$ cat input38.txt   # compact mmCIF, C-alpha atoms and all ligand atoms
# COMPACT_ATOMS: atom_id res chain seq x y z
CA MET O 24 -63.74 -24.07 23.38
CA ARG O 25 -60.56 -25.87 22.32
CA ILE O 26 -57.56 -23.55 21.97
CA GLY O 27 -54.16 -24.49 20.57
CA ILE O 28 -51.21 -22.32 21.58
CA LEU O 29 -48.03 -22.11 19.52
CA GLY O 30 -45.34 -21.40 22.08
CA THR O 31 -44.65 -22.16 25.72
CA GLY O 32 -43.29 -18.80 26.85
CA ASN O 33 -44.68 -15.81 28.73
CA MET O 34 -47.66 -14.98 26.54
CA ALA O 35 -48.61 -18.63 26.12
CA GLU O 36 -48.60 -19.05 29.88
CA ALA O 37 -50.38 -15.77 30.69
CA LEU O 38 -53.28 -16.23 28.26
CA GLY O 39 -53.41 -20.03 28.29
CA THR O 40 -53.68 -20.15 32.08
CA GLN O 41 -56.54 -17.65 32.01
CA TRP O 42 -58.44 -19.56 29.32
CA ALA O 43 -57.90 -22.92 30.99
CA GLY O 44 -59.16 -21.34 34.24
CA ALA O 45 -62.25 -20.15 32.36
CA GLY O 46 -63.03 -23.75 31.40
CA HIS O 47 -61.49 -24.00 27.92
CA GLN O 48 -59.38 -26.94 26.77
CA VAL O 49 -55.93 -25.54 26.05
CA LEU O 50 -53.14 -27.39 24.27
CA PHE O 51 -49.68 -25.85 24.60
CA GLY O 52 -47.45 -26.70 21.66
CA GLY O 53 -43.72 -26.13 21.84
CA ARG O 54 -40.48 -27.23 20.25
CA SER O 55 -39.42 -28.51 23.68
CA PRO O 56 -41.69 -31.34 24.94
CA GLU O 57 -40.41 -30.81 28.50
CA ARG O 58 -41.34 -27.12 28.53
CA ALA O 59 -44.73 -27.89 26.99
CA ARG O 60 -45.41 -30.56 29.60
CA ALA O 61 -44.29 -28.33 32.49
CA LEU O 62 -46.47 -25.46 31.31
CA ALA O 63 -49.46 -27.72 30.70
CA ALA O 64 -49.11 -29.04 34.25
CA ARG O 65 -48.96 -25.51 35.73
CA ALA O 66 -51.86 -24.24 33.62
CA CYS O 67 -54.08 -27.34 33.80
CA GLY O 68 -53.89 -27.83 30.03
CA LYS O 69 -52.55 -30.41 27.61
CA ALA O 70 -49.09 -30.55 26.06
CA GLY O 71 -48.16 -31.28 22.47
CA THR O 72 -46.06 -30.33 19.51
CA LEU O 73 -46.36 -27.13 17.51
CA ARG O 74 -48.11 -29.14 14.79
CA GLU O 75 -50.63 -30.56 17.28
CA ALA O 76 -51.35 -27.09 18.66
CA ALA O 77 -51.86 -25.70 15.16
CA SER O 78 -54.57 -28.23 14.42
CA PHE O 79 -56.18 -28.26 17.86
CA GLY O 80 -59.70 -27.04 18.15
CA ASP O 81 -61.41 -23.79 17.41
CA ALA O 82 -58.72 -21.15 17.77
CA VAL O 83 -54.94 -20.99 17.69
CA LEU O 84 -52.87 -18.40 19.53
CA LEU O 85 -49.56 -17.59 17.86
CA ALA O 86 -47.22 -16.75 20.74
CA LEU O 87 -43.78 -16.96 19.17
CA PRO O 88 -41.08 -14.33 18.63
CA HIS O 89 -41.73 -12.54 15.35
CA GLU O 90 -38.44 -13.76 13.91
CA ALA O 91 -39.50 -17.40 14.49
CA VAL O 92 -42.92 -17.04 12.85
CA ALA O 93 -42.14 -17.42 9.15
CA GLY O 94 -39.95 -20.49 9.65
CA THR O 95 -42.45 -22.13 11.98
CA LEU O 96 -45.33 -21.52 9.60
CA ARG O 97 -43.26 -23.05 6.79
CA GLU O 98 -42.54 -26.12 8.92
CA LEU O 99 -46.23 -26.43 9.74
CA GLY O 100 -47.03 -26.58 6.03
CA ALA O 101 -48.70 -23.18 5.77
CA ALA O 102 -47.82 -22.96 2.09
CA ASP O 103 -49.73 -26.23 1.54
CA GLY O 104 -52.83 -24.89 3.29
CA ALA O 105 -52.31 -26.48 6.73
CA LEU O 106 -53.68 -23.36 8.44
CA HIS O 107 -56.08 -22.28 5.73
CA ASP O 108 -59.28 -20.83 7.22
CA ARG O 109 -58.15 -21.54 10.79
CA LEU O 110 -58.80 -18.85 13.39
CA LEU O 111 -55.32 -17.59 14.23
CA ILE O 112 -54.86 -15.01 16.99
CA ASP O 113 -51.67 -13.03 16.42
CA CYS O 114 -50.22 -11.45 19.57
CA THR O 115 -46.72 -10.98 18.16
CA ASN O 116 -44.69 -7.79 18.18
CA ALA O 117 -42.05 -7.30 15.52
CA VAL O 118 -40.05 -4.87 17.60
CA GLY O 119 -36.31 -4.73 17.08
CA PRO O 120 -33.43 -2.58 18.34
CA GLY O 121 -34.40 1.02 19.09
CA PHE O 122 -38.02 -0.12 19.43
CA ARG O 123 -38.35 0.00 15.65
CA LEU O 124 -40.71 -2.25 13.76
CA THR O 125 -38.71 -4.88 11.91
CA THR O 126 -41.60 -5.03 9.42
CA GLU O 127 -41.07 -1.37 8.46
CA GLY O 128 -41.44 -0.77 4.74
CA GLY O 129 -43.44 -3.95 4.17
CA PRO O 130 -46.72 -5.47 5.24
CA GLY O 131 -47.38 -5.62 8.98
CA ALA O 132 -46.86 -8.83 10.95
CA ALA O 133 -50.53 -9.85 11.04
CA ARG O 134 -51.01 -9.18 7.32
CA ALA O 135 -47.90 -11.24 6.48
CA ILE O 136 -49.19 -14.11 8.63
CA ALA O 137 -52.58 -13.98 6.92
CA ASP O 138 -50.94 -13.95 3.49
CA ALA O 139 -48.67 -16.87 4.37
CA THR O 140 -51.41 -19.06 5.83
CA GLY O 141 -54.82 -18.10 4.45
CA ALA O 142 -55.92 -18.20 8.09
CA ARG O 143 -58.60 -15.93 9.56
CA VAL O 144 -56.13 -13.79 11.50
CA ILE O 145 -57.16 -11.56 14.38
CA LYS O 146 -54.55 -9.23 15.85
CA ALA O 147 -55.06 -9.03 19.61
CA PHE O 148 -53.34 -9.05 23.01
CA ASN O 149 -50.07 -7.63 21.61
CA HIS O 150 -50.44 -4.16 23.14
CA LEU O 151 -49.79 -5.01 26.79
CA PRO O 152 -47.14 -7.02 28.65
CA ASP O 153 -47.80 -10.54 29.87
CA THR O 154 -47.74 -9.26 33.47
CA VAL O 155 -51.03 -7.49 32.74
CA TRP O 156 -52.59 -10.53 31.08
CA ARG O 157 -51.76 -12.55 34.20
CA LEU O 158 -53.86 -10.29 36.45
CA THR O 159 -57.18 -11.78 37.49
CA PRO O 160 -58.86 -9.92 36.00
CA PRO O 161 -56.64 -7.64 33.90
CA ALA O 162 -58.09 -4.35 35.16
CA PHE O 163 -56.97 -1.00 36.52
CA ALA O 164 -58.67 1.57 38.71
CA ASP O 165 -60.74 2.90 35.81
CA GLY O 166 -62.06 -0.50 34.76
CA PRO O 167 -61.25 -3.64 32.79
CA VAL O 168 -58.52 -3.53 30.18
CA ALA O 169 -59.82 -2.87 26.67
CA VAL O 170 -58.43 -5.23 24.05
CA PRO O 171 -58.30 -3.89 20.47
CA LEU O 172 -59.18 -6.53 17.89
CA CYS O 173 -58.26 -6.11 14.22
CA GLY O 174 -59.54 -8.63 11.72
CA ASP O 175 -61.80 -9.18 8.75
CA ASP O 176 -63.76 -12.30 9.61
CA GLU O 177 -66.93 -11.62 11.58
CA GLU O 178 -67.21 -15.06 13.17
CA ALA O 179 -63.55 -15.02 14.16
CA LEU O 180 -63.96 -11.55 15.68
CA ARG O 181 -66.94 -12.76 17.72
CA THR O 182 -65.00 -15.79 18.96
CA VAL O 183 -61.97 -13.73 20.02
CA ALA O 184 -64.26 -11.15 21.66
CA ALA O 185 -65.68 -13.99 23.77
CA LEU O 186 -62.15 -15.06 24.72
CA VAL O 187 -61.40 -11.46 25.72
CA ARG O 188 -64.47 -11.40 27.96
CA ASP O 189 -63.37 -14.71 29.50
CA LEU O 190 -60.29 -12.88 30.79
CA GLY O 191 -62.52 -10.23 32.35
CA CYS O 192 -61.48 -7.69 29.69
CA ALA O 193 -63.51 -5.62 27.24
CA PRO O 194 -63.20 -6.32 23.50
CA LEU O 195 -62.77 -3.22 21.36
CA ARG O 196 -63.47 -3.59 17.63
CA ALA O 197 -60.56 -1.65 16.11
CA GLY O 198 -61.17 -2.27 12.41
CA GLY O 199 -60.11 -4.74 9.76
CA LEU O 200 -56.79 -6.50 9.38
CA ASP O 201 -55.56 -3.47 7.45
CA ARG O 202 -55.58 -1.64 10.82
CA ALA O 203 -53.40 -4.28 12.51
CA ALA O 204 -50.21 -2.61 11.30
CA TYR O 205 -51.28 0.59 13.11
CA LEU O 206 -51.84 -1.39 16.31
CA GLU O 207 -48.41 -2.95 15.85
CA ALA O 208 -46.81 0.49 15.34
CA THR O 209 -48.71 1.96 18.31
CA THR O 210 -47.44 -0.86 20.49
CA ALA O 211 -43.84 -0.31 19.37
CA PHE O 212 -44.30 3.37 20.25
CA LEU O 213 -45.75 2.49 23.68
CA ILE O 214 -42.95 0.02 24.44
CA GLY O 215 -40.41 2.73 23.57
CA LEU O 216 -42.08 5.17 25.97
CA TRP O 217 -42.33 2.63 28.80
CA HIS O 218 -38.67 1.72 28.39
CA SER O 219 -37.75 5.43 28.57
CA GLY O 220 -39.64 5.77 31.86
CA HIS O 221 -42.65 7.66 30.48
CA ASP O 222 -46.31 6.91 31.23
CA PRO O 223 -48.23 7.02 27.92
CA ARG O 224 -51.52 7.41 29.79
CA THR O 225 -50.54 11.01 30.49
CA LEU O 226 -50.62 11.67 26.72
CA LEU O 227 -54.29 10.92 26.34
CA PRO O 228 -57.19 13.28 27.00
CA PRO O 229 -60.58 12.08 28.25
CA PHE O 230 -62.73 10.84 25.34
CA GLU O 231 -65.04 13.88 25.56
CA ALA O 232 -62.14 16.31 25.24
CA ALA O 233 -60.72 14.45 22.23
CA THR O 234 -64.04 14.39 20.38
CA ALA O 235 -65.42 17.82 21.33
N1 LIG N 301 -44.04 -11.06 26.90
C1 LIG N 301 -44.81 -9.98 26.67
O1 LIG N 301 -45.01 -9.13 27.57
C2 LIG N 301 -45.50 -9.79 25.35
C3 LIG N 301 -46.61 -8.94 25.28
C4 LIG N 301 -47.29 -8.79 24.08
C5 LIG N 301 -46.83 -9.48 22.96
N2 LIG N 301 -45.73 -10.28 23.04
C6 LIG N 301 -45.31 -11.00 21.84
O2 LIG N 301 -45.72 -12.35 22.00
C7 LIG N 301 -44.80 -13.22 21.35
C8 LIG N 301 -44.30 -14.22 22.39
O3 LIG N 301 -43.65 -13.50 23.42
P1 LIG N 301 -43.22 -14.21 24.78
O4 LIG N 301 -42.85 -13.13 25.72
O5 LIG N 301 -44.23 -15.21 25.17
O6 LIG N 301 -41.89 -14.95 24.33
P2 LIG N 301 -41.04 -16.02 25.13
O7 LIG N 301 -41.42 -16.04 26.56
O8 LIG N 301 -39.62 -15.77 24.78
O9 LIG N 301 -41.51 -17.41 24.49
C9 LIG N 301 -41.29 -17.64 23.13
C10 LIG N 301 -41.75 -19.02 22.75
O10 LIG N 301 -41.42 -19.20 21.37
C11 LIG N 301 -40.60 -20.35 21.24
N3 LIG N 301 -39.65 -20.19 20.16
C12 LIG N 301 -38.62 -19.29 20.09
N4 LIG N 301 -37.97 -19.42 18.92
C13 LIG N 301 -38.56 -20.45 18.27
C14 LIG N 301 -38.32 -21.09 17.02
N5 LIG N 301 -37.35 -20.68 16.19
N6 LIG N 301 -39.15 -22.10 16.66
C15 LIG N 301 -40.14 -22.52 17.46
N7 LIG N 301 -40.41 -21.97 18.67
C16 LIG N 301 -39.63 -20.94 19.05
C17 LIG N 301 -39.91 -20.51 22.57
O11 LIG N 301 -39.52 -21.84 22.68
P3 LIG N 301 -38.30 -22.26 23.64
O12 LIG N 301 -38.85 -22.14 25.05
O13 LIG N 301 -38.03 -23.65 23.21
O14 LIG N 301 -37.19 -21.29 23.39
C18 LIG N 301 -41.06 -20.14 23.52
O15 LIG N 301 -41.94 -21.22 23.65
C19 LIG N 301 -43.68 -12.34 20.80
O16 LIG N 301 -43.93 -12.07 19.44
C20 LIG N 301 -43.81 -11.05 21.62
O17 LIG N 301 -43.36 -9.92 20.91
C21 LIG N 301 -45.05 -10.47 24.21
$ encode --input "input38.txt" --output "structure tokens"
Amino acid sequence: MRIGILGTGNMAEALGTQWAGAGHQVLFGGRSPERARALAARACGKAGTLREAASFGDAVLLALPHEAVAGTLRELGAADGALHDRLLIDCTNAVGPGFRLTTEGGPGAARAIADATGARVIKAFNHLPDTVWRLTPPAFADGPVAVPLCGDDEEALRTVAALVRDLGCAPLRAGGLDRAAYLEATTAFLIGLWHSGHDPRTLLPPFEAATA
């Protein structure tokens, strides 16, 4: 598969390196050509501009800070349909000071991106830090990491599920794009707990106990 990545930071590197290692063609697009080239060299991918990444291949990973997303999409011509119908994977977290969602009171990040682009948006990979996505494979003692996917387009969901399996993780269908805001809020909650030194895994009962 051909995968364009918008961004050359931590998430771009963590996921792009894994996908390149799994045999996909990955193009890293950044505002800095030097950083894109350096990352492409490390990850065995190609380097390009944000515009080139947005139009590259079968899927595009949006790996930019939330506050940079709207402006970047405008520059890419989203309003003129440049990303219409493209498969866009949104791993962003709109988490501001106090671990509050900066999207509070409005549509969630993934919904806003879908509305701005007309892309087939799948929310995924936002719920864990890049250090986990760099593990080969991302797994803990009780098995591979489960990756919640929220989206409305069946073909896009199947494609992202395959990319999840390529990491050695387990895709978890978590509902339509209307559920993405809950995943975003859950992640903000988790980040807050981690930063306060708490282990959220201790909050959760075994499945059988929760559903008895
Ligand atoms: N890191 C994590 O553990 C993690 C986990 C889950 C989700 N996320 C989410 O994933 C997204 C990316 O996070 P990250 O950790 O990869 O960030 P990062 O390491 O800071 O990288 C951000 C990338 O976005 C680019 N960028 C920043 N502002 C820009 C602008 N105005 N226009 C164009 N490009 C811009 C940066 O380019 P320059 O290098 O030129 O500055 C860099 O390539 C964020 O939304 C974050 O919340 C992060």
$ atom_distance --input "input38.txt" --atom1 "CA of Ala43 in chain O" --atom2 "CA of Val118 in chain O"
28.7 Å
$ residues_around --input "input38.txt" --residues "range 80-96 of chain O" --least-positions-apart "3" --cutoff "6 Å" --atoms "only C-alpha atoms" --output "list in words"
Arg25, Ile26, Gly27, Ile28, Leu29, Gly30, Ala35, Leu99, Ala101, Leu110, Leu111, Ile112, Asp113, Thr115 and Ala117 of chain O
$ residues_around --input "input38.txt" --residues "Ile214 in chain O" --least-positions-apart "2" --cutoff "12 Å" --atoms "all atoms listed in the file" --output "ChimeraX atom specification"
/O:116-124,149-152,207-212,216-223
$ residues_around --input "input38.txt" --residues "range 161-164 of chain O" --least-positions-apart "3" --cutoff "12 Å" --atoms "only C-alpha atoms" --output "PyMOL selection string"
chain O and resi 37-38+41+148+151-158+167-170+187-193
$ residues_around --input "input38.txt" --residues "range 135-139 of chain O" --least-positions-apart "3" --cutoff "8 Å" --atoms "all atoms listed in the file" --output "ChimeraX atom specification"
/O:93,96,101-102,130-132,142-144
$ residues_around --input "input38.txt" --residues "Ala105 in chain O" --least-positions-apart "6" --cutoff "9 Å" --atoms "all atoms listed in the file" --output "MDAnalysis selection string"
chainID O and resid 77:78 99 140
$ write_last_selection --input "input38.txt" --atoms "C-alpha atoms" --output "mmCIF file, in the coordinates of the input"
data_model
loop_
_atom_site.group_PDB
_atom_site.id
_atom_site.type_symbol
_atom_site.label_atom_id
_atom_site.label_comp_id
_atom_site.auth_asym_id
_atom_site.auth_seq_id
_atom_site.Cartn_x
_atom_site.Cartn_y
_atom_site.Cartn_z
ATOM 1 C CA ALA O 77 -51.860 -25.700 15.160
ATOM 2 C CA SER O 78 -54.570 -28.230 14.420
ATOM 3 C CA LEU O 99 -46.230 -26.430 9.740
ATOM 4 C CA THR O 140 -51.410 -19.060 5.830
#
$ closest_residue --input "input38.txt" --among "O:Gln48, O:Thr72, O:Thr40, O:Ser55" --to "ligand LIG 301 (chain N)" --atoms "all atoms listed in the file"
O:Ser55
$ atom_distance --input "input38.txt" --atom1 "CA of Ala204 in chain O" --atom2 "CA of Arg134 in chain O"
7.7 Å
$ axis_aligned_box --input "input38.txt" --around "ligand LIG 301 (chain N)" --padding-each-side "8 Å" --output "AutoDock Vina command-line options"
--center_x -42.2 --center_y -16.2 --center_z 21.9 --size_x 26.1 --size_y 30.9 --size_z 27.4
$ closest_residue --input "input38.txt" --among "O:Gly198, O:Pro171, O:Pro160, O:Gly129" --to "Ala147 in chain O" --atoms "only C-alpha atoms"
O:Pro171
$ closest_residue --input "input38.txt" --among "O:Leu206, O:Arg181, O:Leu186, O:Gly199" --to "ligand LIG 301 (chain N)" --atoms "only C-alpha atoms and all ligand atoms"
O:Leu206
$ closest_residue --input "input38.txt" --among "O:Cys114, O:Gly39, O:Glu127, O:Thr31" --to "Gly71 in chain O" --atoms "only C-alpha atoms"
O:Thr31
$ closest_residue --input "input38.txt" --among "O:Lys146, O:Arg58, O:His47, O:Arg109" --to "ligand LIG 301 (chain N)" --atoms "all atoms listed in the file"
O:Arg58
$ atom_distance --input "input38.txt" --atom1 "atom O13 of ligand LIG 301 (chain N)" --atom2 "CA of Leu73 in chain O"
10.7 Å
$ build_atoms --input "input38.txt" --residues "range 81-99 of chain O" --atoms "N, CA, C and O atoms" --output "compact mmCIF listing (two decimals), in the coordinates of the input"
# COMPACT_ATOMS: atom_id res chain seq x y z
N ASP O 81 -60.68 -24.88 18.05
CA ASP O 81 -61.41 -23.79 17.41
C ASP O 81 -60.57 -22.55 17.14
O ASP O 81 -60.92 -21.76 16.27
N ALA O 82 -59.53 -22.36 17.92
CA ALA O 82 -58.72 -21.15 17.77
C ALA O 82 -57.28 -21.48 18.11
O ALA O 82 -57.01 -22.34 18.95
N VAL O 83 -56.37 -20.78 17.44
CA VAL O 83 -54.94 -20.99 17.69
C VAL O 83 -54.31 -19.65 18.03
O VAL O 83 -54.50 -18.67 17.30
N LEU O 84 -53.61 -19.61 19.15
CA LEU O 84 -52.87 -18.40 19.53
C LEU O 84 -51.42 -18.55 19.08
O LEU O 84 -50.76 -19.54 19.43
N LEU O 85 -50.95 -17.59 18.32
CA LEU O 85 -49.56 -17.59 17.86
C LEU O 85 -48.75 -16.76 18.83
O LEU O 85 -48.87 -15.53 18.86
N ALA O 86 -47.96 -17.43 19.67
CA ALA O 86 -47.22 -16.75 20.74
C ALA O 86 -45.74 -17.06 20.62
O ALA O 86 -45.12 -17.61 21.54
N LEU O 87 -45.20 -16.72 19.46
CA LEU O 87 -43.78 -16.96 19.17
C LEU O 87 -43.10 -15.62 18.90
O LEU O 87 -43.77 -14.65 18.50
N PRO O 88 -41.78 -15.55 19.05
CA PRO O 88 -41.08 -14.33 18.63
C PRO O 88 -41.32 -14.10 17.14
O PRO O 88 -41.37 -15.07 16.36
N HIS O 89 -41.44 -12.84 16.75
CA HIS O 89 -41.73 -12.54 15.35
C HIS O 89 -40.73 -13.22 14.41
O HIS O 89 -41.12 -13.76 13.36
N GLU O 90 -39.46 -13.23 14.83
CA GLU O 90 -38.44 -13.76 13.91
C GLU O 90 -38.56 -15.28 13.75
O GLU O 90 -37.99 -15.84 12.81
N ALA O 91 -39.34 -15.94 14.62
CA ALA O 91 -39.50 -17.40 14.49
C ALA O 91 -40.77 -17.76 13.71
O ALA O 91 -40.99 -18.93 13.40
N VAL O 92 -41.59 -16.74 13.40
CA VAL O 92 -42.92 -17.04 12.85
C VAL O 92 -42.85 -17.63 11.44
O VAL O 92 -43.42 -18.69 11.17
N ALA O 93 -42.12 -16.97 10.55
CA ALA O 93 -42.14 -17.42 9.15
C ALA O 93 -41.63 -18.85 9.03
O ALA O 93 -42.24 -19.69 8.35
N GLY O 94 -40.52 -19.14 9.72
CA GLY O 94 -39.95 -20.49 9.65
C GLY O 94 -40.91 -21.53 10.23
O GLY O 94 -41.07 -22.63 9.67
N THR O 95 -41.53 -21.18 11.35
CA THR O 95 -42.45 -22.13 11.98
C THR O 95 -43.66 -22.39 11.08
O THR O 95 -44.09 -23.54 10.92
N LEU O 96 -44.18 -21.33 10.49
CA LEU O 96 -45.33 -21.52 9.60
C LEU O 96 -44.95 -22.39 8.40
O LEU O 96 -45.74 -23.23 7.96
N ARG O 97 -43.72 -22.20 7.90
CA ARG O 97 -43.26 -23.05 6.79
C ARG O 97 -43.22 -24.51 7.23
O ARG O 97 -43.72 -25.38 6.55
N GLU O 98 -42.65 -24.74 8.42
CA GLU O 98 -42.54 -26.12 8.92
C GLU O 98 -43.91 -26.75 9.15
O GLU O 98 -44.09 -27.96 9.02
N LEU O 99 -44.88 -25.91 9.49
CA LEU O 99 -46.23 -26.43 9.74
C LEU O 99 -46.99 -26.69 8.44
O LEU O 99 -48.13 -27.16 8.47
